[in-house]
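J.: For reference, the file final-v1.cif (mmCIF, C-alpha atoms) is included below:
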```cif
data_final
#
loop_
_atom_site.group_PDB
_atom_site.id
_atom_site.type_symbol
_atom_site.label_atom_id
_atom_site.label_comp_id
_atom_site.auth_asym_id
_atom_site.auth_seq_id
_atom_site.Cartn_x
_atom_site.Cartn_y
_atom_site.Cartn_z
ATOM 1 C CA MET A 1 22.784 78.136 -8.293
ATOM 2 C CA SER A 2 20.589 76.583 -10.993
ATOM 3 C CA LEU A 3 21.298 73.355 -12.867
ATOM 4 C CA GLU A 4 21.985 75.340 -16.033
ATOM 5 C CA GLU A 5 24.645 77.365 -14.214
ATOM 6 C CA LEU A 6 26.239 74.206 -12.878
ATOM 7 C CA LEU A 7 26.159 72.256 -16.150
ATOM 8 C CA TRP A 8 27.183 73.936 -19.379
ATOM 9 C CA VAL A 9 25.505 71.120 -21.324
ATOM 10 C CA GLU A 10 22.136 72.300 -19.971
ATOM 11 C CA LYS A 11 22.960 75.997 -20.094
ATOM 12 C CA TYR A 12 23.790 75.931 -23.796
ATOM 13 C CA ARG A 13 21.130 73.440 -24.870
ATOM 14 C CA PRO A 14 19.184 74.816 -27.885
ATOM 15 C CA LYS A 15 15.627 75.921 -27.119
ATOM 16 C CA ARG A 16 14.298 76.053 -30.690
ATOM 17 C CA LEU A 17 14.664 73.807 -33.708
ATOM 18 C CA SER A 18 16.266 76.689 -35.603
ATOM 19 C CA GLU A 19 19.144 76.636 -33.066
ATOM 20 C CA VAL A 20 19.945 72.949 -33.650
ATOM 21 C CA CYS A 21 23.081 72.404 -35.738
ATOM 22 C CA ASN A 22 24.459 69.504 -37.776
ATOM 23 C CA GLN A 23 21.063 67.783 -38.117
ATOM 24 C CA GLU A 24 19.613 69.819 -40.971
ATOM 25 C CA GLU A 25 17.576 67.008 -42.566
ATOM 26 C CA VAL A 26 15.982 65.993 -39.267
ATOM 27 C CA VAL A 27 15.156 69.605 -38.365
ATOM 28 C CA LYS A 28 13.626 70.204 -41.793
ATOM 29 C CA VAL A 29 11.232 67.273 -41.311
ATOM 30 C CA LEU A 30 10.277 68.325 -37.779
ATOM 31 C CA LYS A 31 9.635 71.939 -38.784
ATOM 32 C CA GLY A 32 7.110 70.581 -41.261
ATOM 33 C CA PHE A 33 5.330 68.773 -38.418
ATOM 34 C CA VAL A 34 5.231 72.006 -36.382
ATOM 35 C CA GLU A 35 3.726 73.923 -39.311
ATOM 36 C CA ARG A 36 1.043 71.255 -39.848
ATOM 37 C CA ARG A 37 0.549 70.896 -36.066
ATOM 38 C CA ASN A 38 0.562 67.139 -36.480
ATOM 39 C CA MET A 39 3.128 64.332 -36.410
ATOM 40 C CA PRO A 40 3.436 60.527 -36.467
ATOM 41 C CA HIS A 41 5.196 58.411 -33.879
ATOM 42 C CA LEU A 42 8.941 59.055 -34.194
ATOM 43 C CA LEU A 43 12.029 56.930 -33.698
ATOM 44 C CA PHE A 44 15.274 58.881 -33.187
ATOM 45 C CA ALA A 45 18.363 56.734 -33.720
ATOM 46 C CA GLY A 46 22.005 57.728 -33.518
ATOM 47 C CA PRO A 47 25.183 57.778 -31.422
ATOM 48 C CA PRO A 48 25.290 59.425 -27.970
ATOM 49 C CA GLY A 49 25.613 63.195 -27.767
ATOM 50 C CA THR A 50 24.151 63.968 -31.186
ATOM 51 C CA GLY A 51 21.095 65.911 -30.011
ATOM 52 C CA LYS A 52 18.239 63.378 -29.879
ATOM 53 C CA THR A 53 16.877 64.475 -26.491
ATOM 54 C CA THR A 54 17.436 68.148 -27.280
ATOM 55 C CA VAL A 55 15.565 67.914 -30.578
ATOM 56 C CA ALA A 56 12.630 66.173 -28.869
ATOM 57 C CA LEU A 57 12.460 68.990 -26.299
ATOM 58 C CA CYS A 58 12.672 71.673 -28.999
ATOM 59 C CA LEU A 59 9.882 69.990 -30.961
ATOM 60 C CA ALA A 60 7.635 69.838 -27.891
ATOM 61 C CA TYR A 61 8.348 73.487 -26.964
ATOM 62 C CA GLU A 62 7.470 74.681 -30.457
ATOM 63 C CA LEU A 63 4.271 72.622 -30.592
ATOM 64 C CA PHE A 64 2.912 73.318 -27.102
ATOM 65 C CA GLY A 65 4.568 76.584 -26.166
ATOM 66 C CA GLU A 66 5.965 77.329 -22.730
ATOM 67 C CA GLU A 67 2.558 77.216 -21.057
ATOM 68 C CA GLY A 68 1.377 73.869 -22.438
ATOM 69 C CA PHE A 69 4.736 72.098 -22.404
ATOM 70 C CA ALA A 70 4.628 70.718 -18.847
ATOM 71 C CA ALA A 71 1.082 69.373 -19.159
ATOM 72 C CA ASN A 72 1.514 67.744 -22.560
ATOM 73 C CA TYR A 73 5.061 66.373 -22.539
ATOM 74 C CA LEU A 74 6.347 63.403 -20.537
ATOM 75 C CA GLU A 75 9.942 62.224 -20.673
ATOM 76 C CA LEU A 76 10.983 58.871 -19.258
ATOM 77 C CA ASN A 77 14.443 57.352 -19.345
ATOM 78 C CA ALA A 78 14.057 53.715 -20.251
ATOM 79 C CA SER A 79 17.493 52.937 -18.803
ATOM 80 C CA ASP A 80 16.014 53.492 -15.324
ATOM 81 C CA GLU A 81 12.377 52.560 -15.923
ATOM 82 C CA ARG A 82 12.647 49.732 -18.403
ATOM 83 C CA GLY A 83 10.066 47.232 -17.189
ATOM 84 C CA ILE A 84 6.511 46.437 -18.227
ATOM 85 C CA ASP A 85 5.096 48.042 -15.042
ATOM 86 C CA THR A 86 6.295 51.469 -16.191
ATOM 87 C CA ILE A 87 4.567 51.045 -19.546
ATOM 88 C CA ARG A 88 1.335 49.834 -17.925
ATOM 89 C CA SER A 89 1.234 52.566 -15.292
ATOM 90 C CA LYS A 90 3.009 55.840 -16.083
ATOM 91 C CA VAL A 91 2.860 55.642 -19.870
ATOM 92 C CA LYS A 92 -0.698 54.322 -20.049
ATOM 93 C CA ASN A 93 -2.082 56.830 -17.548
ATOM 94 C CA PHE A 94 -0.460 59.778 -19.300
ATOM 95 C CA SER A 95 -1.389 58.687 -22.825
ATOM 96 C CA ARG A 96 -5.075 58.007 -22.104
ATOM 97 C CA ALA A 97 -5.712 61.536 -20.729
ATOM 98 C CA SER A 98 -6.877 64.233 -23.131
ATOM 99 C CA PRO A 99 -4.348 66.883 -24.165
ATOM 100 C CA ILE A 100 -4.558 70.465 -22.944
ATOM 101 C CA GLY A 101 -4.525 73.290 -25.479
ATOM 102 C CA ASP A 102 -4.825 73.582 -29.262
ATOM 103 C CA ILE A 103 -2.636 70.616 -30.222
ATOM 104 C CA PRO A 104 -4.830 67.463 -30.343
ATOM 105 C CA PHE A 105 -2.208 65.132 -28.838
ATOM 106 C CA LYS A 106 0.379 64.795 -26.090
ATOM 107 C CA ILE A 107 3.966 63.607 -26.514
ATOM 108 C CA ILE A 108 5.677 60.837 -24.558
ATOM 109 C CA HIS A 109 9.423 60.730 -25.050
ATOM 110 C CA LEU A 110 11.044 57.402 -24.123
ATOM 111 C CA ASP A 111 14.758 58.119 -23.956
ATOM 112 C CA GLU A 112 17.212 55.203 -24.273
ATOM 113 C CA SER A 113 14.291 53.074 -25.468
ATOM 114 C CA ASP A 114 16.598 50.342 -26.744
ATOM 115 C CA ASN A 115 16.967 49.378 -23.054
ATOM 116 C CA LEU A 116 13.270 48.505 -22.728
ATOM 117 C CA THR A 117 12.687 44.843 -21.991
ATOM 118 C CA ALA A 118 11.009 42.646 -24.599
ATOM 119 C CA ASP A 119 7.779 42.503 -22.541
ATOM 120 C CA ALA A 120 7.742 46.275 -22.140
ATOM 121 C CA GLN A 121 8.141 46.752 -25.898
ATOM 122 C CA GLN A 122 5.282 44.368 -26.585
ATOM 123 C CA ALA A 123 3.061 46.317 -24.172
ATOM 124 C CA LEU A 124 4.165 49.586 -25.756
ATOM 125 C CA ARG A 125 3.215 48.521 -29.282
ATOM 126 C CA ARG A 126 -0.391 48.031 -28.154
ATOM 127 C CA LEU A 127 -0.533 51.417 -26.406
ATOM 128 C CA MET A 128 0.770 53.110 -29.554
ATOM 129 C CA GLU A 129 -2.273 51.748 -31.385
ATOM 130 C CA MET A 130 -4.889 52.350 -28.719
ATOM 131 C CA PHE A 131 -4.027 55.971 -27.887
ATOM 132 C CA SER A 132 -2.689 57.294 -31.201
ATOM 133 C CA ALA A 133 -5.569 59.800 -31.288
ATOM 134 C CA THR A 134 -4.484 61.512 -28.073
ATOM 135 C CA CYS A 135 -0.773 60.731 -27.806
ATOM 136 C CA ARG A 136 2.348 60.549 -29.963
ATOM 137 C CA PHE A 137 5.471 58.669 -28.965
ATOM 138 C CA ILE A 138 9.093 59.699 -29.537
ATOM 139 C CA LEU A 139 11.489 56.818 -28.967
ATOM 140 C CA SER A 140 15.185 57.704 -28.940
ATOM 141 C CA CYS A 141 17.896 55.063 -28.965
ATOM 142 C CA ASN A 142 21.493 54.398 -29.907
ATOM 143 C CA TYR A 143 20.689 51.141 -31.729
ATOM 144 C CA SER A 144 17.419 50.978 -33.663
ATOM 145 C CA SER A 145 17.957 47.238 -34.277
ATOM 146 C CA ARG A 146 17.145 46.627 -30.594
ATOM 147 C CA ILE A 147 13.622 47.989 -31.106
ATOM 148 C CA ILE A 148 11.175 45.268 -32.143
ATOM 149 C CA GLU A 149 9.942 45.392 -35.733
ATOM 150 C CA PRO A 150 6.249 46.063 -34.858
ATOM 151 C CA ILE A 151 7.292 49.299 -33.108
ATOM 152 C CA GLN A 152 9.701 50.292 -35.867
ATOM 153 C CA SER A 153 6.940 49.909 -38.449
ATOM 154 C CA ARG A 154 4.680 52.246 -36.443
ATOM 155 C CA CYS A 155 7.304 55.003 -36.316
ATOM 156 C CA MET A 156 9.001 57.369 -38.708
ATOM 157 C CA LEU A 157 12.729 56.726 -38.385
ATOM 158 C CA LEU A 158 15.023 59.766 -38.188
ATOM 159 C CA ARG A 159 18.761 59.106 -37.983
ATOM 160 C CA PHE A 160 21.091 61.510 -36.183
ATOM 161 C CA MET A 161 24.653 61.821 -37.427
ATOM 162 C CA PRO A 162 27.746 62.466 -35.271
ATOM 163 C CA PHE A 163 28.716 66.123 -35.138
ATOM 164 C CA GLU A 164 31.336 67.245 -37.614
ATOM 165 C CA ASP A 165 34.632 68.364 -36.066
ATOM 166 C CA LYS A 166 34.082 71.854 -37.436
ATOM 167 C CA VAL A 167 30.739 72.170 -35.636
ATOM 168 C CA VAL A 168 32.159 70.846 -32.347
ATOM 169 C CA ARG A 169 35.099 73.254 -32.581
ATOM 170 C CA GLU A 170 32.847 76.256 -33.245
ATOM 171 C CA ARG A 171 30.516 75.370 -30.370
ATOM 172 C CA LEU A 172 33.357 74.924 -27.907
ATOM 173 C CA LEU A 173 34.868 78.284 -28.866
ATOM 174 C CA TYR A 174 31.443 79.930 -28.480
ATOM 175 C CA ILE A 175 31.046 78.486 -24.961
ATOM 176 C CA ALA A 176 34.633 79.310 -23.991
ATOM 177 C CA ASN A 177 34.205 82.931 -25.082
ATOM 178 C CA ASN A 178 30.930 83.279 -23.186
ATOM 179 C CA GLU A 179 32.383 81.738 -20.020
ATOM 180 C CA GLY A 180 35.674 83.616 -20.197
ATOM 181 C CA VAL A 181 37.724 80.444 -20.594
ATOM 182 C CA LYS A 182 41.106 80.594 -22.305
ATOM 183 C CA ILE A 183 41.880 77.515 -24.368
ATOM 184 C CA ASP A 184 44.867 76.965 -26.628
ATOM 185 C CA ASP A 185 44.625 75.436 -30.095
ATOM 186 C CA LYS A 186 46.214 72.091 -29.158
ATOM 187 C CA ALA A 187 43.803 71.652 -26.245
ATOM 188 C CA LEU A 188 40.845 72.459 -28.485
ATOM 189 C CA GLU A 189 41.967 69.898 -31.057
ATOM 190 C CA ALA A 190 42.492 67.307 -28.307
ATOM 191 C CA ILE A 191 38.894 67.749 -27.095
ATOM 192 C CA VAL A 192 37.498 67.619 -30.634
ATOM 193 C CA SER A 193 39.479 64.462 -31.401
ATOM 194 C CA ALA A 194 38.466 62.742 -28.150
ATOM 195 C CA ALA A 195 34.776 63.644 -28.571
ATOM 196 C CA GLU A 196 34.481 61.724 -31.864
ATOM 197 C CA GLY A 197 31.302 63.579 -32.817
ATOM 198 C CA ASP A 198 29.786 63.543 -29.310
ATOM 199 C CA LEU A 199 29.112 67.215 -28.539
ATOM 200 C CA ARG A 200 27.880 66.509 -25.014
ATOM 201 C CA LYS A 201 31.160 64.796 -24.161
ATOM 202 C CA ALA A 202 33.126 67.683 -25.685
ATOM 203 C CA ILE A 203 31.292 70.291 -23.575
ATOM 204 C CA ASN A 204 31.683 68.257 -20.388
ATOM 205 C CA VAL A 205 35.431 67.841 -20.986
ATOM 206 C CA LEU A 206 35.773 71.585 -21.608
ATOM 207 C CA GLN A 207 33.942 72.434 -18.376
ATOM 208 C CA ALA A 208 35.931 69.904 -16.340
ATOM 209 C CA SER A 209 39.201 71.229 -17.777
ATOM 210 C CA ALA A 210 38.201 74.843 -17.078
ATOM 211 C CA SER A 211 37.464 73.944 -13.443
ATOM 212 C CA ILE A 212 41.097 72.814 -13.001
ATOM 213 C CA SER A 213 42.876 75.766 -14.585
ATOM 214 C CA GLU A 214 42.085 79.220 -15.919
ATOM 215 C CA VAL A 215 43.951 78.318 -19.107
ATOM 216 C CA VAL A 216 42.959 74.998 -20.699
ATOM 217 C CA THR A 217 46.003 73.242 -22.129
ATOM 218 C CA GLU A 218 46.487 69.943 -23.943
ATOM 219 C CA GLU A 219 48.043 68.396 -20.826
ATOM 220 C CA ILE A 220 45.016 69.305 -18.699
ATOM 221 C CA VAL A 221 42.614 67.932 -21.306
ATOM 222 C CA TYR A 222 44.343 64.541 -21.356
ATOM 223 C CA LYS A 223 44.394 64.529 -17.558
ATOM 224 C CA VAL A 224 40.623 65.077 -17.492
ATOM 225 C CA LEU A 225 40.061 62.443 -20.181
ATOM 226 C CA GLY A 226 42.327 59.966 -18.425
ATOM 227 C CA ARG A 227 43.952 59.287 -21.779
ATOM 228 C CA VAL A 228 47.537 58.511 -22.612
ATOM 229 C CA SER A 229 49.498 61.449 -24.008
ATOM 230 C CA PRO A 230 49.783 61.029 -27.796
ATOM 231 C CA VAL A 231 53.168 62.803 -27.679
ATOM 232 C CA LYS A 232 54.665 60.199 -25.335
ATOM 233 C CA VAL A 233 53.234 57.257 -27.266
ATOM 234 C CA LYS A 234 54.453 58.697 -30.566
ATOM 235 C CA ASN A 235 57.902 59.217 -29.029
ATOM 236 C CA MET A 236 57.919 55.606 -27.801
ATOM 237 C CA ILE A 237 57.045 54.273 -31.253
ATOM 238 C CA GLU A 238 59.648 56.437 -32.987
ATOM 239 C CA LEU A 239 62.357 55.329 -30.544
ATOM 240 C CA ALA A 240 61.478 51.696 -31.186
ATOM 241 C CA LEU A 241 61.486 52.120 -34.964
ATOM 242 C CA LYS A 242 64.971 53.643 -34.658
ATOM 243 C CA GLY A 243 66.102 50.503 -32.816
ATOM 244 C CA ASP A 244 66.414 52.031 -29.331
ATOM 245 C CA PHE A 245 64.561 49.313 -27.442
ATOM 246 C CA ILE A 246 65.695 50.325 -23.931
ATOM 247 C CA ALA A 247 64.613 53.986 -24.298
ATOM 248 C CA ALA A 248 61.251 52.948 -25.785
ATOM 249 C CA ARG A 249 60.694 50.459 -22.967
ATOM 250 C CA ASP A 250 61.498 53.160 -20.395
ATOM 251 C CA VAL A 251 58.730 55.338 -21.879
ATOM 252 C CA LEU A 252 56.366 52.355 -21.749
ATOM 253 C CA ARG A 253 57.145 51.650 -18.084
ATOM 254 C CA GLU A 254 56.671 55.311 -17.220
ATOM 255 C CA LEU A 255 53.197 55.182 -18.764
ATOM 256 C CA LEU A 256 52.324 51.900 -17.046
ATOM 257 C CA TRP A 257 53.736 52.400 -13.556
ATOM 258 C CA LYS A 258 54.411 56.083 -12.992
ATOM 259 C CA SER A 259 51.376 57.541 -14.785
ATOM 260 C CA GLY A 260 49.188 54.526 -13.967
ATOM 261 C CA PHE A 261 47.539 54.068 -17.359
ATOM 262 C CA SER A 262 45.922 50.736 -18.115
ATOM 263 C CA PRO A 263 47.488 48.605 -20.869
ATOM 264 C CA MET A 264 44.232 48.864 -22.821
ATOM 265 C CA ASP A 265 44.482 52.666 -22.882
ATOM 266 C CA ILE A 266 48.079 52.439 -24.078
ATOM 267 C CA ILE A 267 47.164 49.924 -26.784
ATOM 268 C CA ALA A 268 44.324 52.138 -28.009
ATOM 269 C CA GLN A 269 46.659 55.124 -28.313
ATOM 270 C CA ILE A 270 49.368 53.015 -29.993
ATOM 271 C CA LYS A 271 46.827 52.035 -32.632
ATOM 272 C CA ARG A 272 45.940 55.681 -33.284
ATOM 273 C CA GLU A 273 49.572 56.723 -33.590
ATOM 274 C CA ILE A 274 50.506 53.834 -35.895
ATOM 275 C CA LEU A 275 47.734 54.820 -38.283
ATOM 276 C CA ARG A 276 49.114 58.380 -38.350
ATOM 277 C CA LEU A 277 52.698 57.361 -39.127
ATOM 278 C CA ASP A 278 54.078 58.490 -42.481
ATOM 279 C CA SER A 279 57.360 56.571 -42.189
ATOM 280 C CA ILE A 280 55.911 53.090 -42.831
ATOM 281 C CA SER A 281 53.774 51.667 -45.627
ATOM 282 C CA PRO A 282 50.065 50.765 -45.296
ATOM 283 C CA LYS A 283 50.944 47.054 -45.450
ATOM 284 C CA VAL A 284 53.355 47.334 -42.529
ATOM 285 C CA LYS A 285 50.714 49.316 -40.614
ATOM 286 C CA ALA A 286 48.221 46.508 -41.236
ATOM 287 C CA ASP A 287 50.693 43.888 -39.966
ATOM 288 C CA LEU A 288 51.413 45.943 -36.843
ATOM 289 C CA ILE A 289 47.722 46.467 -36.071
ATOM 290 C CA ASP A 290 47.151 42.731 -36.528
ATOM 291 C CA TYR A 291 49.948 41.935 -34.070
ATOM 292 C CA LEU A 292 48.688 44.626 -31.678
ATOM 293 C CA GLY A 293 45.293 42.911 -31.678
ATOM 294 C CA GLU A 294 47.011 39.666 -30.675
ATOM 295 C CA ILE A 295 48.808 41.484 -27.833
ATOM 296 C CA ASP A 296 45.487 42.950 -26.696
ATOM 297 C CA TYR A 297 43.906 39.484 -26.613
ATOM 298 C CA ARG A 298 46.807 37.984 -24.655
ATOM 299 C CA ILE A 299 46.542 40.704 -21.990
ATOM 300 C CA VAL A 300 42.765 40.245 -21.733
ATOM 301 C CA ILE A 301 43.129 36.531 -21.027
ATOM 302 C CA GLY A 302 45.695 37.193 -18.302
ATOM 303 C CA SER A 303 49.171 37.561 -19.785
ATOM 304 C CA HIS A 304 51.637 39.976 -18.157
ATOM 305 C CA GLU A 305 51.075 43.425 -19.685
ATOM 306 C CA ASP A 306 54.697 44.596 -19.374
ATOM 307 C CA ILE A 307 56.024 41.513 -21.154
ATOM 308 C CA GLN A 308 53.404 41.675 -23.909
ATOM 309 C CA LEU A 309 53.809 45.396 -24.604
ATOM 310 C CA SER A 310 57.593 45.013 -24.484
ATOM 311 C CA ALA A 311 57.199 42.274 -27.086
ATOM 312 C CA PHE A 312 55.350 44.732 -29.295
ATOM 313 C CA ILE A 313 58.160 47.274 -28.891
ATOM 314 C CA ALA A 314 60.627 44.537 -29.828
ATOM 315 C CA ARG A 315 58.583 43.877 -32.976
ATOM 316 C CA LEU A 316 58.773 47.583 -33.838
ATOM 317 C CA CYS A 317 62.536 47.501 -33.379
ATOM 318 C CA SER A 318 62.907 44.450 -35.597
ATOM 319 C CA ILE A 319 61.000 45.976 -38.511
ATOM 320 C CA GLY A 320 62.345 49.506 -38.095
ATOM 321 C CA GLU A 321 65.621 48.988 -39.916
ATOM 322 C CA LYS A 322 63.977 47.088 -42.773
ATOM 323 C CA TYR A 323 60.845 49.137 -43.427
ATOM 324 C CA VAL A 324 61.227 52.665 -42.100
ATOM 325 C CA LYS A 325 61.611 55.127 -44.925
ATOM 326 C CA SER A 326 64.774 57.200 -44.822
#
```
What does the file become when written as structure tokens?
T.:
Amino acid sequence: MSLEELLWVEKYRPKRLSEVCNQEEVVKVLKGFVERRNMPHLLFAGPPGTGKTTVALCLAYELFGEEGFAANYLELNASDERGIDTIRSKVKNFSRASPIGDIPFKIIHLDESDNLTADAQQALRRLMEMFSATCRFILSCNYSSRIIEPIQSRCMLLRFMPFEDKVVRERLLYIANNEGVKIDDKALEAIVSAAEGDLRKAINVLQASASISEVVTEEIVYKVLGRVSPVKVKNMIELALKGDFIAARDVLRELLWKSGFSPMDIIAQIKREILRLDSISPKVKADLIDYLGEIDYRIVIGSHEDIQLSAFIARLCSIGEKYVKS
């Protein structure tokens, strides 16, 4: 079984720039480079799972074709090979050799380049000058500020935006239909919400969920994500706002001890649910989030999580009668 059959992320990776979605401005610029058969050094910056590596591969395929791709394209992950020795050996040896085919340059793609050490970046800036006639560099990173200014000034910066929920939803449905996976609407929305614009994460969660059950449900999605159920957290908050401290604390203890969720996961979901509440004013929400941040800090420095989270529930009970809209 091939890698593409094992990993849906690879199987459904776009092969041409025209297949790339959500990055219209970036694709428009790169298509111009393909038409002119020339390009500057490029710096791709953006959050994880937004298509930086895929776009670099598509660009190389369209420039070199299937036959010249392997000889003229080198991809290195700077997270693994981040030292100056890699730059002086692999990168230098590849960049100094003449390209094969009609395109007058090769392409070196340094993925996760913001993990390159300072010495490696200094060595790279010199190579970008010396071999610009025979080699172009594509540096992709999550944080462009971690790339030294001399390299940034040598590159054209292209920013990748997180995928819109609509695009993620459409892509997941397309994959599910092709793979014969049944997914209900609540499960789909749970994946889209958890992905936060990261399409790679969304596809991986879908595949992992489909491997557990023939029908992907919301419960299975949260089990795969290892996230607290929003329904239970919302129920806990509503019970507390109604003044039922004991019932709300029972839900909390079930999440902590029976389900085994970390207090940090519970706090993160509490924050999301508070922001969604319609029964309290924005000012009360702000006060609760402020107090929740204090609870988070206390737990981090070693306070007992059950006592601290119970204290937050008690705070919800105390404000419920005064502030909750009838």
J.: Please, what distance in Å, to one decimal, runs between atom CA of A:Gln152 and atom CA of A:Gln23?
T.: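 Taking atom CA of A:Gln152 as the start and atom CA of A:Gln23 as the end point, the length is 21.0 Å.
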J.: If you count all atoms listed in the file, which residues fall within 7 Å of stretch 163-166 of chain A, apart from same-chain ones fewer than 2 positions away, as a CSV table (one decimal) with C-alpha atoms, in the frame of the given file?
T.:
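The resulting result-v4.csv:
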```
chain,number,residue,atom,x,y,z
A,22,ASN,CA,24.5,69.5,-37.8
A,50,THR,CA,24.2,64.0,-31.2
A,161,MET,CA,24.7,61.8,-37.4
A,168,VAL,CA,32.2,70.8,-32.3
A,169,ARG,CA,35.1,73.3,-32.6
A,170,GLU,CA,32.8,76.3,-33.2
A,192,VAL,CA,37.5,67.6,-30.6
A,197,GLY,CA,31.3,63.6,-32.8
A,198,ASP,CA,29.8,63.5,-29.3
A,199,LEU,CA,29.1,67.2,-28.5
```
J.: Any idea what the distance is between atom CA of A:Gln121 and atom CA of A:Ile148?
T.: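 Taking atom CA of A:Gln121 as the start and atom CA of A:Ile148 as the end point, the length is 7.1 Å.
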J.: Report as a short mmCIF file (atom, residue, chain, number, x, y, z; two decimals) with C-alpha atoms, in the frame of the given file the residues that result from applying the PyMOL selection byres ((chain A and resi 316) around 9) to the structure here.
T.:
```cif
data_model
loop_
_atom_site.label_atom_id
_atom_site.label_comp_id
_atom_site.auth_asym_id
_atom_site.auth_seq_id
_atom_site.Cartn_x
_atom_site.Cartn_y
_atom_site.Cartn_z
CA ILE A 237 57.04 54.27 -31.25
CA GLU A 238 59.65 56.44 -32.99
CA ALA A 240 61.48 51.70 -31.19
CA LEU A 241 61.49 52.12 -34.96
CA LYS A 242 64.97 53.64 -34.66
CA GLY A 243 66.10 50.50 -32.82
CA PHE A 245 64.56 49.31 -27.44
CA LEU A 288 51.41 45.94 -36.84
CA ALA A 311 57.20 42.27 -27.09
CA PHE A 312 55.35 44.73 -29.30
CA ILE A 313 58.16 47.27 -28.89
CA ALA A 314 60.63 44.54 -29.83
CA ARG A 315 58.58 43.88 -32.98
CA CYS A 317 62.54 47.50 -33.38
CA SER A 318 62.91 44.45 -35.60
CA ILE A 319 61.00 45.98 -38.51
CA GLY A 320 62.34 49.51 -38.10
#
```
J.: Taking (43.5, 68.7, -22.4) in the file's coordinates, which residues come within 10 Å, counting only C-alpha atoms, written as a ChimeraX atom specification?
T.: /A:183-184,186-191,194,205-206,208-210,216-227,229
J.: Report as a list of chain:residue names the full result of the PyMOL selection byres ((chain A and resi 38-41) around 6) when it is applied to this structure.
T.: A:Phe33, A:Arg36, A:Arg37, A:Leu42, A:Arg136, A:Phe137, A:Ile138, A:Cys155
J.: Record the distance separating atom CA of A:Val9 and atom CA of A:Ile203, expressed in Å with one decimal.
T.: 6.3 Å
J.: Please work out which residues fall within 9 Å of (14.3, 64.8, -21.2), coordinates as given in the file, with all atoms listed in the file counting, and return them as an MDAnalysis selection string.
T.: chainID A and resid 53:54 56:57 74:77 109:111
J.: Which of these, A:Ser193, A:Asn72, A:Ser213, A:Ser310, has the shortest distance to A:Thr134 once you count all atoms listed in the file?
T.: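 Selected residue with least distance to A:Thr134: A:Asn72.
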J.: Expand the PyMOL selection byres ((chain A and resi 160) around 12) into the explicit residue set it covers here, and present it as JSON, numbers by chain.
T.: {"A": [20, 21, 22, 23, 24, 25, 26, 27, 43, 44, 45, 46, 47, 48, 49, 50, 51, 52, 53, 54, 55, 140, 141, 142, 143, 144, 157, 158, 159, 161, 162, 163, 164, 197, 198]}
J.: For stretch 249-259 of chain A, what centre and edge lengths in Å (one decimal) does the axis-aligned box get once 8 Å is added on each side of all its listed atoms, as JSON?
T.:
```
{"center_x": 56.4, "center_y": 54.0, "center_z": -18.0, "size_x": 26.1, "size_y": 23.1, "size_z": 26.0}
```
J.: Please list as number ranges by chain every residue within 8 Å of A:Leu59, counting all atoms listed in the file and excluding residues in the same chain fewer than 5 positions away.
T.: A: 16-17, 30, 34
J.: Report as a list of chain:residue names all protein, DNA and RNA residues lying within 7 Å of A:Ile295, evaluated on all atoms listed in the file, omitting residues in the same chain fewer than 4 positions from it.
T.: A:Tyr291, A:Ile299, A:Gln308
J.: Would you mind listing what lies within 10 Å of A:Lys285 as a VMD selection string, with only C-alpha atoms counted and same-chain residues fewer than 4 positions away left out?
T.: chain A and resid 271 274 to 281 289 to 291
J.: Can you write just those residues out, C-alpha atoms, as a PDB file, in the frame of the given file?
T.:
```pdb
ATOM      1  CA  LYS A 271      46.827  52.035 -32.632  1.00  0.00           C
ATOM      2  CA  ILE A 274      50.506  53.834 -35.895  1.00  0.00           C
ATOM      3  CA  LEU A 275      47.734  54.820 -38.283  1.00  0.00           C
ATOM      4  CA  ARG A 276      49.114  58.380 -38.350  1.00  0.00           C
ATOM      5  CA  LEU A 277      52.698  57.361 -39.127  1.00  0.00           C
ATOM      6  CA  ASP A 278      54.078  58.490 -42.481  1.00  0.00           C
ATOM      7  CA  SER A 279      57.360  56.571 -42.189  1.00  0.00           C
ATOM      8  CA  ILE A 280      55.911  53.090 -42.831  1.00  0.00           C
ATOM      9  CA  SER A 281      53.774  51.667 -45.627  1.00  0.00           C
ATOM     10  CA  ILE A 289      47.722  46.467 -36.071  1.00  0.00           C
ATOM     11  CA  ASP A 290      47.151  42.731 -36.528  1.00  0.00           C
ATOM     12  CA  TYR A 291      49.948  41.935 -34.070  1.00  0.00           C
TER      13      TYR A 291
END
```
